file start03.cif (mmCIF, C-alpha atoms)
data_entry
#
loop_
_atom_site.group_PDB
_atom_site.id
_atom_site.type_symbol
_atom_site.label_atom_id
_atom_site.label_comp_id
_atom_site.auth_asym_id
_atom_site.auth_seq_id
_atom_site.Cartn_x
_atom_site.Cartn_y
_atom_site.Cartn_z
ATOM 1 C CA MET A 1 -12.921 107.379 -101.480
ATOM 2 C CA PRO A 2 -16.460 106.671 -102.732
ATOM 3 C CA PRO A 3 -16.954 106.751 -106.508
ATOM 4 C CA ALA A 4 -18.372 109.832 -108.203
ATOM 5 C CA GLY A 5 -21.934 110.559 -107.148
ATOM 6 C CA ARG A 6 -21.441 109.062 -103.676
ATOM 7 C CA ARG A 7 -20.292 111.340 -100.874
ATOM 8 C CA LEU A 8 -19.602 111.021 -97.152
ATOM 9 C CA ALA A 9 -18.961 113.213 -94.115
ATOM 10 C CA ALA A 10 -18.609 112.456 -90.388
ATOM 11 C CA ALA A 11 -18.483 114.480 -87.174
ATOM 12 C CA ALA A 12 -18.574 113.746 -83.438
ATOM 13 C CA ALA A 13 -19.010 115.607 -80.164
ATOM 14 C CA ALA A 14 -19.349 114.930 -76.433
ATOM 15 C CA GLY A 15 -19.654 116.540 -73.024
ATOM 16 C CA LEU A 16 -21.842 116.492 -69.910
ATOM 17 C CA PHE A 17 -22.116 120.290 -69.675
ATOM 18 C CA GLY A 18 -22.879 120.807 -73.407
ATOM 19 C CA LEU A 19 -21.287 119.373 -76.527
ATOM 20 C CA ALA A 20 -17.587 119.729 -77.300
ATOM 21 C CA LEU A 21 -15.511 118.279 -80.118
ATOM 22 C CA LEU A 22 -14.602 114.631 -79.646
ATOM 23 C CA THR A 23 -12.312 112.454 -81.749
ATOM 24 C CA PRO A 24 -14.084 109.182 -82.518
ATOM 25 C CA PRO A 25 -12.367 106.041 -81.175
ATOM 26 C CA ALA A 26 -9.912 104.259 -83.433
ATOM 27 C CA ALA A 27 -11.744 102.205 -86.009
ATOM 28 C CA ALA A 28 -11.876 98.522 -85.169
ATOM 29 C CA ALA A 29 -10.466 95.941 -87.534
ATOM 30 C CA ALA A 30 -12.948 94.653 -90.077
ATOM 31 C CA PRO A 31 -15.069 92.079 -88.175
ATOM 32 C CA PRO A 32 -15.132 88.511 -89.470
ATOM 33 C CA GLY A 33 -18.359 86.966 -90.604
ATOM 34 C CA ARG A 34 -20.357 85.959 -93.635
ATOM 35 C CA PRO A 35 -21.223 88.657 -96.171
ATOM 36 C CA GLN A 36 -24.725 90.041 -95.679
ATOM 37 C CA ALA A 37 -27.312 89.789 -98.401
ATOM 38 C CA ARG A 38 -27.945 93.056 -100.185
ATOM 39 C CA ILE A 39 -31.316 94.412 -101.179
ATOM 40 C CA ASN A 40 -32.542 96.364 -104.157
ATOM 41 C CA GLU A 41 -29.223 97.072 -105.862
ATOM 42 C CA ALA A 42 -30.500 96.202 -109.303
ATOM 43 C CA PRO A 43 -31.542 99.130 -111.520
ATOM 44 C CA GLY A 44 -35.257 99.834 -111.308
ATOM 45 C CA ALA A 45 -35.641 98.210 -107.880
ATOM 46 C CA SER A 46 -35.171 101.233 -105.640
ATOM 47 C CA PRO A 47 -36.180 100.820 -101.970
ATOM 48 C CA ARG A 48 -38.483 103.301 -100.302
ATOM 49 C CA PRO A 49 -36.941 105.644 -97.648
ATOM 50 C CA GLY A 50 -38.618 103.657 -94.846
ATOM 51 C CA GLN A 51 -37.052 100.456 -96.153
ATOM 52 C CA MET A 52 -33.715 102.244 -96.439
ATOM 53 C CA GLN A 53 -33.910 103.352 -92.812
ATOM 54 C CA GLN A 54 -34.650 99.854 -91.538
ATOM 55 C CA ARG A 55 -31.956 98.274 -93.690
ATOM 56 C CA LEU A 56 -29.317 100.778 -92.557
ATOM 57 C CA PHE A 57 -30.350 100.189 -88.936
ATOM 58 C CA ASP A 58 -29.998 96.425 -89.374
ATOM 59 C CA LEU A 59 -26.600 96.831 -91.038
ATOM 60 C CA ILE A 60 -25.366 99.097 -88.219
ATOM 61 C CA ASN A 61 -26.396 96.687 -85.486
ATOM 62 C CA GLY A 62 -25.075 93.737 -87.460
ATOM 63 C CA ASP A 63 -21.598 95.277 -87.572
ATOM 64 C CA ARG A 64 -21.812 96.289 -83.908
ATOM 65 C CA ALA A 65 -22.693 92.705 -82.958
ATOM 66 C CA ARG A 66 -19.719 91.369 -84.895
ATOM 67 C CA ALA A 67 -17.506 93.881 -83.102
ATOM 68 C CA GLY A 68 -18.835 92.697 -79.714
ATOM 69 C CA LEU A 69 -20.794 95.919 -79.043
ATOM 70 C CA ASP A 70 -24.322 96.424 -77.720
ATOM 71 C CA ALA A 71 -27.093 97.010 -80.234
ATOM 72 C CA LEU A 72 -28.360 100.552 -80.664
ATOM 73 C CA THR A 73 -31.967 101.598 -80.127
ATOM 74 C CA LEU A 74 -33.710 103.242 -83.093
ATOM 75 C CA ASP A 75 -34.722 106.659 -81.772
ATOM 76 C CA ALA A 76 -37.753 108.404 -83.328
ATOM 77 C CA GLU A 77 -36.795 111.851 -81.974
ATOM 78 C CA LEU A 78 -33.330 111.604 -83.498
ATOM 79 C CA GLY A 79 -34.822 110.168 -86.678
ATOM 80 C CA ALA A 80 -36.965 113.274 -87.165
ATOM 81 C CA ILE A 81 -33.910 115.539 -86.731
ATOM 82 C CA ALA A 82 -31.893 113.378 -89.123
ATOM 83 C CA LEU A 83 -34.689 113.375 -91.720
ATOM 84 C CA ARG A 84 -34.898 117.176 -91.723
ATOM 85 C CA HIS A 85 -31.171 117.388 -92.422
ATOM 86 C CA SER A 86 -31.374 114.776 -95.181
ATOM 87 C CA GLU A 87 -34.201 116.746 -96.805
ATOM 88 C CA ASP A 88 -32.119 119.919 -96.458
ATOM 89 C CA MET A 89 -29.175 118.234 -98.219
ATOM 90 C CA ARG A 90 -31.443 116.949 -100.983
ATOM 91 C CA ASP A 91 -33.259 120.242 -101.514
ATOM 92 C CA ASN A 92 -30.070 122.329 -101.463
ATOM 93 C CA ASP A 93 -27.836 119.795 -103.253
ATOM 94 C CA PHE A 94 -25.040 119.326 -100.708
ATOM 95 C CA VAL A 95 -23.658 116.537 -98.531
ATOM 96 C CA GLY A 96 -22.175 117.743 -95.267
ATOM 97 C CA HIS A 97 -22.758 118.581 -91.621
ATOM 98 C CA LEU A 98 -22.930 122.343 -92.001
ATOM 99 C CA SER A 99 -26.242 123.523 -93.416
ATOM 100 C CA PRO A 100 -26.368 127.036 -94.887
ATOM 101 C CA ARG A 101 -29.758 127.453 -93.200
ATOM 102 C CA LYS A 102 -29.639 125.364 -90.011
ATOM 103 C CA GLY A 103 -25.995 125.253 -88.967
ATOM 104 C CA GLY A 104 -24.054 122.216 -87.820
ATOM 105 C CA SER A 105 -25.171 119.040 -86.093
ATOM 106 C CA GLU A 106 -24.695 120.516 -82.624
ATOM 107 C CA GLU A 107 -26.953 123.461 -83.466
ATOM 108 C CA ARG A 108 -29.617 121.161 -84.912
ATOM 109 C CA LEU A 109 -29.619 118.956 -81.819
ATOM 110 C CA ARG A 110 -29.823 121.941 -79.489
ATOM 111 C CA ALA A 111 -32.626 123.502 -81.520
ATOM 112 C CA ALA A 112 -34.591 120.263 -81.111
ATOM 113 C CA GLY A 113 -33.932 120.214 -77.355
ATOM 114 C CA VAL A 114 -31.701 117.134 -77.472
ATOM 115 C CA LYS A 115 -28.843 117.316 -74.965
ATOM 116 C CA ALA A 116 -26.776 114.135 -75.010
ATOM 117 C CA LEU A 117 -23.616 112.973 -73.309
ATOM 118 C CA LEU A 118 -22.165 112.026 -76.684
ATOM 119 C CA ALA A 119 -23.239 112.856 -80.219
ATOM 120 C CA ALA A 120 -21.861 111.799 -83.590
ATOM 121 C CA GLU A 121 -23.235 112.277 -87.097
ATOM 122 C CA ASN A 122 -22.664 110.488 -90.395
ATOM 123 C CA VAL A 123 -24.019 111.913 -93.652
ATOM 124 C CA ALA A 124 -23.838 110.360 -97.075
ATOM 125 C CA LYS A 125 -25.312 110.208 -100.557
ATOM 126 C CA GLY A 126 -25.623 106.953 -102.463
ATOM 127 C CA TYR A 127 -27.911 104.637 -104.396
ATOM 128 C CA SER A 128 -28.647 101.707 -102.059
ATOM 129 C CA PRO A 129 -28.451 101.058 -98.315
ATOM 130 C CA ASP A 130 -25.772 98.382 -98.631
ATOM 131 C CA GLU A 131 -23.609 100.580 -100.839
ATOM 132 C CA ILE A 132 -23.920 103.550 -98.468
ATOM 133 C CA HIS A 133 -23.184 101.471 -95.379
ATOM 134 C CA ARG A 134 -20.247 99.750 -97.062
ATOM 135 C CA ASP A 135 -18.712 103.098 -97.965
ATOM 136 C CA MET A 136 -19.184 104.295 -94.375
ATOM 137 C CA MET A 137 -17.546 101.209 -92.904
ATOM 138 C CA ASN A 138 -14.588 101.748 -95.241
ATOM 139 C CA SER A 139 -14.152 105.291 -93.867
ATOM 140 C CA PRO A 140 -12.391 105.477 -90.447
ATOM 141 C CA GLY A 141 -14.437 108.454 -89.239
ATOM 142 C CA HIS A 142 -17.806 106.959 -90.169
ATOM 143 C CA ARG A 143 -16.797 103.541 -88.910
ATOM 144 C CA GLY A 144 -15.766 105.109 -85.608
ATOM 145 C CA ALA A 145 -19.246 106.593 -85.172
ATOM 146 C CA ILE A 146 -21.040 103.355 -86.111
ATOM 147 C CA LEU A 147 -18.856 101.318 -83.745
ATOM 148 C CA HIS A 148 -18.625 103.868 -80.956
ATOM 149 C CA PRO A 149 -18.746 101.769 -77.756
ATOM 150 C CA GLU A 150 -20.576 104.455 -75.750
ATOM 151 C CA ALA A 151 -23.388 105.150 -78.234
ATOM 152 C CA THR A 152 -26.808 103.875 -77.155
ATOM 153 C CA HIS A 153 -29.306 105.333 -79.692
ATOM 154 C CA VAL A 154 -29.378 106.164 -83.382
ATOM 155 C CA GLY A 155 -31.710 108.177 -85.572
ATOM 156 C CA ILE A 156 -31.679 107.632 -89.331
ATOM 157 C CA GLY A 157 -33.174 110.024 -91.862
ATOM 158 C CA VAL A 158 -33.404 109.225 -95.579
ATOM 159 C CA ALA A 159 -34.530 111.594 -98.349
ATOM 160 C CA SER A 160 -34.575 110.619 -102.003
ATOM 161 C CA LYS A 161 -34.730 112.152 -105.464
ATOM 162 C CA LYS A 162 -34.509 110.928 -109.046
ATOM 163 C CA GLU A 163 -31.179 111.139 -110.863
ATOM 164 C CA GLY A 164 -31.764 109.943 -114.400
ATOM 165 C CA ASP A 165 -33.058 106.398 -114.276
ATOM 166 C CA ARG A 166 -32.128 105.732 -110.655
ATOM 167 C CA GLU A 167 -32.979 106.979 -107.161
ATOM 168 C CA ALA A 168 -30.376 108.888 -105.155
ATOM 169 C CA TYR A 169 -30.570 108.795 -101.351
ATOM 170 C CA PHE A 170 -29.372 111.439 -98.905
ATOM 171 C CA VAL A 171 -28.721 109.821 -95.533
ATOM 172 C CA THR A 172 -28.129 111.258 -92.075
ATOM 173 C CA GLU A 173 -27.276 109.015 -89.113
ATOM 174 C CA LEU A 174 -27.269 110.595 -85.639
ATOM 175 C CA PHE A 175 -25.663 108.601 -82.825
ATOM 176 C CA ILE A 176 -26.016 109.635 -79.203
ATOM 177 C CA ARG A 177 -25.579 108.276 -75.725
ATOM 178 C CA ARG A 178 -28.669 108.715 -73.584
ATOM 179 C CA ILE A 179 -28.278 108.417 -69.819
ATOM 180 C CA PRO A 180 -30.761 105.839 -68.493
ATOM 181 C CA ALA A 181 -32.894 106.454 -65.415
ATOM 182 C CA LEU A 182 -31.337 105.149 -62.206
ATOM 183 C CA GLY A 183 -33.112 102.488 -60.213
ATOM 184 C CA PRO A 184 -33.987 102.668 -56.496
ATOM 185 C CA GLU A 185 -30.905 100.591 -55.679
ATOM 186 C CA ALA A 186 -28.470 103.200 -57.032
ATOM 187 C CA LYS A 187 -27.388 104.503 -53.623
ATOM 188 C CA THR A 188 -26.778 100.994 -52.278
ATOM 189 C CA LEU A 189 -24.745 100.008 -55.334
ATOM 190 C CA LEU A 190 -22.628 103.159 -55.123
ATOM 191 C CA LEU A 191 -21.827 102.551 -51.456
ATOM 192 C CA LEU A 192 -20.893 98.926 -52.207
ATOM 193 C CA ASP A 193 -18.514 100.047 -54.956
ATOM 194 C CA LEU A 194 -16.949 102.759 -52.795
ATOM 195 C CA ASN A 195 -16.398 100.331 -49.927
ATOM 196 C CA GLY A 196 -14.907 97.813 -52.344
ATOM 197 C CA LEU A 197 -12.310 100.388 -53.376
ATOM 198 C CA ARG A 198 -11.640 101.313 -49.757
ATOM 199 C CA ARG A 199 -11.190 97.657 -48.838
ATOM 200 C CA GLU A 200 -8.627 97.239 -51.620
ATOM 201 C CA ALA A 201 -6.788 100.287 -50.265
ATOM 202 C CA GLY A 202 -6.821 98.903 -46.704
ATOM 203 C CA LEU A 203 -9.337 101.493 -45.457
ATOM 204 C CA ALA A 204 -12.301 100.977 -43.152
ATOM 205 C CA ALA A 205 -15.749 100.666 -44.712
ATOM 206 C CA LEU A 206 -18.110 103.634 -44.714
ATOM 207 C CA GLU A 207 -21.530 103.486 -43.080
ATOM 208 C CA GLU A 208 -24.396 105.540 -44.469
ATOM 209 C CA ASP A 209 -25.684 108.248 -42.154
ATOM 210 C CA ALA A 210 -29.364 109.030 -42.765
ATOM 211 C CA ALA A 211 -29.108 112.634 -41.577
ATOM 212 C CA LEU A 212 -26.095 113.310 -43.797
ATOM 213 C CA THR A 213 -27.849 111.628 -46.737
ATOM 214 C CA GLY A 214 -30.802 113.964 -46.266
ATOM 215 C CA MET A 215 -28.504 117.008 -46.418
ATOM 216 C CA ALA A 216 -26.643 115.630 -49.452
ATOM 217 C CA LEU A 217 -29.850 114.820 -51.345
ATOM 218 C CA GLY A 218 -31.298 118.235 -50.611
ATOM 219 C CA THR A 219 -28.151 119.843 -52.014
ATOM 220 C CA ALA A 220 -28.264 117.767 -55.220
ATOM 221 C CA LEU A 221 -31.956 118.562 -55.763
ATOM 222 C CA GLU A 222 -31.346 122.253 -55.077
ATOM 223 C CA PHE A 223 -28.701 122.341 -57.811
ATOM 224 C CA LEU A 224 -31.062 120.790 -60.359
ATOM 225 C CA LYS A 225 -33.988 123.015 -59.385
ATOM 226 C CA ASP A 226 -32.149 126.342 -59.726
ATOM 227 C CA PRO A 227 -30.387 126.819 -63.121
ATOM 228 C CA GLY A 228 -28.722 129.968 -61.805
ATOM 229 C CA LEU A 229 -27.006 128.121 -58.966
ATOM 230 C CA SER A 230 -23.383 127.184 -59.664
ATOM 231 C CA ARG A 231 -21.622 124.129 -58.308
ATOM 232 C CA SER A 232 -19.488 126.264 -56.023
ATOM 233 C CA GLY A 233 -22.583 128.173 -54.876
ATOM 234 C CA VAL A 234 -24.569 125.095 -53.927
ATOM 235 C CA MET A 235 -21.570 123.576 -52.124
ATOM 236 C CA ASP A 236 -20.979 126.816 -50.200
ATOM 237 C CA GLY A 237 -24.553 126.551 -48.989
ATOM 238 C CA LEU A 238 -23.973 122.969 -47.886
ATOM 239 C CA ARG A 239 -20.818 123.915 -45.991
ATOM 240 C CA ARG A 240 -22.710 126.628 -44.125
ATOM 241 C CA ARG A 241 -25.343 124.099 -43.112
ATOM 242 C CA LEU A 242 -22.639 121.687 -41.982
ATOM 243 C CA GLU A 243 -21.009 124.402 -39.896
ATOM 244 C CA LYS A 244 -24.246 124.887 -37.962
ATOM 245 C CA THR A 245 -24.090 121.236 -36.922
ATOM 246 C CA ARG A 246 -20.387 121.347 -36.027
ATOM 247 C CA PRO A 247 -20.967 120.303 -32.371
ATOM 248 C CA LYS A 248 -22.308 117.029 -33.778
ATOM 249 C CA ILE A 249 -20.042 116.635 -36.827
ATOM 250 C CA ARG A 250 -16.258 116.422 -36.761
ATOM 251 C CA SER A 251 -14.054 116.877 -39.828
ATOM 252 C CA ALA A 252 -16.766 116.888 -42.477
ATOM 253 C CA ALA A 253 -15.811 117.054 -46.160
ATOM 254 C CA ALA A 254 -18.152 117.229 -49.149
ATOM 255 C CA THR A 255 -17.809 116.269 -52.821
ATOM 256 C CA PHE A 256 -19.938 117.281 -55.825
ATOM 257 C CA LEU A 257 -19.989 115.338 -59.115
ATOM 258 C CA ALA A 258 -22.031 115.660 -62.312
ATOM 259 C CA VAL A 259 -21.668 112.365 -64.194
ATOM 260 C CA GLY A 260 -23.296 110.153 -66.778
ATOM 261 C CA SER A 261 -23.175 106.891 -64.806
ATOM 262 C CA LEU A 262 -22.430 105.512 -61.358
ATOM 263 C CA GLU A 263 -19.399 103.737 -62.825
ATOM 264 C CA GLU A 264 -18.038 107.107 -63.903
ATOM 265 C CA ALA A 265 -18.629 108.468 -60.396
ATOM 266 C CA VAL A 266 -16.775 105.593 -58.741
ATOM 267 C CA LYS A 267 -13.864 106.043 -61.143
ATOM 268 C CA GLU A 268 -13.649 109.757 -60.327
ATOM 269 C CA LEU A 269 -13.893 109.179 -56.587
ATOM 270 C CA GLY A 270 -11.382 106.336 -56.456
ATOM 271 C CA PRO A 271 -10.340 104.909 -53.068
ATOM 272 C CA ASP A 272 -10.249 108.522 -51.760
ATOM 273 C CA THR A 273 -7.237 108.130 -49.470
ATOM 274 C CA LYS A 274 -7.520 111.834 -48.571
ATOM 275 C CA ARG A 275 -10.584 110.843 -46.548
ATOM 276 C CA ALA A 276 -9.044 107.702 -45.104
ATOM 277 C CA ARG A 277 -10.289 108.503 -41.607
ATOM 278 C CA ALA A 278 -13.931 108.922 -42.678
ATOM 279 C CA ARG A 279 -16.338 106.442 -41.137
ATOM 280 C CA ARG A 280 -19.753 107.825 -42.083
ATOM 281 C CA VAL A 281 -21.091 109.091 -45.390
ATOM 282 C CA GLY A 282 -24.170 110.843 -46.675
ATOM 283 C CA ILE A 283 -25.079 110.047 -50.287
ATOM 284 C CA GLY A 284 -27.309 112.345 -52.293
ATOM 285 C CA ILE A 285 -28.170 111.180 -55.823
ATOM 286 C CA ALA A 286 -30.500 113.180 -58.052
ATOM 287 C CA GLN A 287 -31.166 112.910 -61.752
ATOM 288 C CA GLY A 288 -32.489 115.530 -64.133
ATOM 289 C CA THR A 289 -31.447 118.372 -66.382
ATOM 290 C CA ARG A 290 -31.098 122.128 -66.622
ATOM 291 C CA PRO A 291 -29.950 124.380 -69.477
ATOM 292 C CA ASP A 292 -26.249 123.645 -68.880
ATOM 293 C CA LEU A 293 -26.674 119.879 -68.401
ATOM 294 C CA VAL A 294 -27.462 116.950 -70.655
ATOM 295 C CA THR A 295 -30.780 115.169 -70.231
ATOM 296 C CA ASN A 296 -30.926 112.812 -67.222
ATOM 297 C CA ALA A 297 -27.563 113.964 -65.843
ATOM 298 C CA ILE A 298 -26.659 112.379 -62.510
ATOM 299 C CA ILE A 299 -25.851 114.817 -59.709
ATOM 300 C CA LEU A 300 -23.994 113.242 -56.826
ATOM 301 C CA VAL A 301 -23.232 114.923 -53.491
ATOM 302 C CA LEU A 302 -21.243 113.016 -50.856
ATOM 303 C CA ILE A 303 -20.577 114.118 -47.280
ATOM 304 C CA PHE A 304 -17.761 112.302 -45.477
ATOM 305 C CA VAL A 305 -17.464 112.450 -41.683
ATOM 306 C CA GLU A 306 -14.957 110.866 -39.320
#

call {"tool": "encode", "arguments": {"input": "start03.cif", "output": "structure tokens"}}
result
Amino acid sequence: MPPAGRRLAAAAAAGLFGLALLTPPAAAAAPPGRPQARINEAPGASPRPGQMQQRLFDLINGDRARAGLDALTLDAELGAIALRHSEDMRDNDFVGHLSPRKGGSEERLRAAGVKALLAAENVAKGYSPDEIHRDMMNSPGHRGAILHPEATHVGIGVASKKEGDREAYFVTELFIRRIPALGPEAKTLLLLDLNGLRREAGLAALEEDAALTGMALGTALEFLKDPGLSRSGVMDGLRRRLEKTRPKIRSAAATFLAVGSLEEAVKELGPDTKRARARRVGIGIAQGTRPDLVTNAIILVLIFVE
């Protein structure tokens, strides 16, 4: 528990089709390493908010490195959202996720148009960056957000005000996972991974069929283009198109996935023993968003044919 005058709160959420409550991963054991030098903890040597932001960012990535995790990217869009909440806490004298005027962290992210696969928020009040970060790392919930293995970006907002002879800082840290843009080799890599799983299961390799890929890609793009089109609706349309080609296609089966990475797609598909007799496949991969999807969501449509 932080001493009087210092306060903490943490929250997390995740979901491809909108945010839902998520329990942060179990906090890792305290990482070994030399103590880091602290800055501006002496009375009368208060850092500016910009210095606070950079120091907190460095401390976060330092602890992630010691835990064997990738460094986070400092995100200006998230930083602006975080700063507004820190100013709200300062101006209305509270430390927490739920603002009387702007709602919770999910509402603030949605209002700013940020739709992420994962989102977590730390808020705190303290008197130096090292003190605030130390208190967070001693709190399992805050530590879980800082060391979340799936987070990719962080925004840090710092607002300050005088309390007697020292400066008090209200801090908001927003952690999210942004889905990166896929490269042109995505389809090839997915097919390699799928065939690797099939080989391990003793199944014949799949060969890509250009005509089937065209149908699959058109279906994925159609889903992204029309926000009113449901997954079942777009797949019904694909099945009708497949039926029209039935003299040419035997035993076709189609799969729809909305995922955050190709690795996630391969995991969901597995060796697919239900389609053990399939020999050809069409692979449609599209990336984008719509009101019910996170930014840069990956839409995958597969058509399997014997």

call {"tool": "closest_residue", "arguments": {"input": "start03.cif", "among": "A:Thr152, A:Thr245, A:Gln54, A:Ser261", "to": "Leu72 in chain A", "atoms": "all atoms listed in the file"}}
result
A:Thr152

call {"tool": "closest_atom_pairs", "arguments": {"input": "start03.cif", "of": "range 53-73 of chain A", "to": "range 119-133 of chain A", "cutoff": "12 Å", "atoms": "only C-alpha atoms", "output": "tab-separated table"}}
result
residue	atom	partner	partner_atom	distance
A:Gln53	CA	A:Pro129	CA	8.1
A:Gln54	CA	A:Pro129	CA	9.3
A:Arg55	CA	A:Pro129	CA	6.4
A:Leu56	CA	A:Pro129	CA	5.8
A:Phe57	CA	A:Pro129	CA	9.6
A:Asp58	CA	A:Pro129	CA	10.2
A:Leu59	CA	A:His133	CA	7.2
A:Ile60	CA	A:His133	CA	7.9
A:Asn61	CA	A:His133	CA	11.4
A:Gly62	CA	A:His133	CA	11.2
A:Asp63	CA	A:His133	CA	10.1

call {"tool": "atom_distance", "arguments": {"input": "start03.cif", "atom1": "CA of Arg178 in chain A", "atom2": "CA of His148 in chain A"}}
result
13.4 Å

call {"tool": "residues_around", "arguments": {"input": "start03.cif", "residues": "range 283-293 of chain A", "least_positions_apart": "2", "cutoff": "10 Å", "atoms": "all atoms listed in the file", "output": "number ranges by chain"}}
result
A: 15-19, 113, 115-117, 179-182, 186-188, 190-191, 208-228, 255-260, 262, 281, 295-304

call {"tool": "write_last_selection", "arguments": {"input": "start03.cif", "atoms": "C-alpha atoms", "output": "tab-separated table (two decimals), in the frame of the given file"}}
result
chain	number	residue	atom	x	y	z
A	15	GLY	CA	-19.65	116.54	-73.02
A	16	LEU	CA	-21.84	116.49	-69.91
A	17	PHE	CA	-22.12	120.29	-69.68
A	18	GLY	CA	-22.88	120.81	-73.41
A	19	LEU	CA	-21.29	119.37	-76.53
A	113	GLY	CA	-33.93	120.21	-77.36
A	115	LYS	CA	-28.84	117.32	-74.96
A	116	ALA	CA	-26.78	114.14	-75.01
A	117	LEU	CA	-23.62	112.97	-73.31
A	179	ILE	CA	-28.28	108.42	-69.82
A	180	PRO	CA	-30.76	105.84	-68.49
A	181	ALA	CA	-32.89	106.45	-65.42
A	182	LEU	CA	-31.34	105.15	-62.21
A	186	ALA	CA	-28.47	103.20	-57.03
A	187	LYS	CA	-27.39	104.50	-53.62
A	188	THR	CA	-26.78	100.99	-52.28
A	190	LEU	CA	-22.63	103.16	-55.12
A	191	LEU	CA	-21.83	102.55	-51.46
A	208	GLU	CA	-24.40	105.54	-44.47
A	209	ASP	CA	-25.68	108.25	-42.15
A	210	ALA	CA	-29.36	109.03	-42.76
A	211	ALA	CA	-29.11	112.63	-41.58
A	212	LEU	CA	-26.10	113.31	-43.80
A	213	THR	CA	-27.85	111.63	-46.74
A	214	GLY	CA	-30.80	113.96	-46.27
A	215	MET	CA	-28.50	117.01	-46.42
A	216	ALA	CA	-26.64	115.63	-49.45
A	217	LEU	CA	-29.85	114.82	-51.34
A	218	GLY	CA	-31.30	118.24	-50.61
A	219	THR	CA	-28.15	119.84	-52.01
A	220	ALA	CA	-28.26	117.77	-55.22
A	221	LEU	CA	-31.96	118.56	-55.76
A	222	GLU	CA	-31.35	122.25	-55.08
A	223	PHE	CA	-28.70	122.34	-57.81
A	224	LEU	CA	-31.06	120.79	-60.36
A	225	LYS	CA	-33.99	123.02	-59.38
A	226	ASP	CA	-32.15	126.34	-59.73
A	227	PRO	CA	-30.39	126.82	-63.12
A	228	GLY	CA	-28.72	129.97	-61.80
A	255	THR	CA	-17.81	116.27	-52.82
A	256	PHE	CA	-19.94	117.28	-55.82
A	257	LEU	CA	-19.99	115.34	-59.12
A	258	ALA	CA	-22.03	115.66	-62.31
A	259	VAL	CA	-21.67	112.36	-64.19
A	260	GLY	CA	-23.30	110.15	-66.78
A	262	LEU	CA	-22.43	105.51	-61.36
A	281	VAL	CA	-21.09	109.09	-45.39
A	295	THR	CA	-30.78	115.17	-70.23
A	296	ASN	CA	-30.93	112.81	-67.22
A	297	ALA	CA	-27.56	113.96	-65.84
A	298	ILE	CA	-26.66	112.38	-62.51
A	299	ILE	CA	-25.85	114.82	-59.71
A	300	LEU	CA	-23.99	113.24	-56.83
A	301	VAL	CA	-23.23	114.92	-53.49
A	302	LEU	CA	-21.24	113.02	-50.86
A	303	ILE	CA	-20.58	114.12	-47.28
A	304	PHE	CA	-17.76	112.30	-45.48

call {"tool": "residues_around", "arguments": {"input": "start03.cif", "residues": "range 108-111 of chain A", "least_positions_apart": "2", "cutoff": "10 Å", "atoms": "only C-alpha atoms", "output": "VMD selection string"}}
result
chain A and resid 18 to 19 78 81 to 82 84 to 85 97 to 99 102 to 106 113 to 116 119 174

call {"tool": "closest_residue", "arguments": {"input": "start03.cif", "among": "A:Asp88, A:Glu167, A:Glu207, A:Asp75", "to": "Gly155 in chain A", "atoms": "all atoms listed in the file"}}
result
A:Asp75
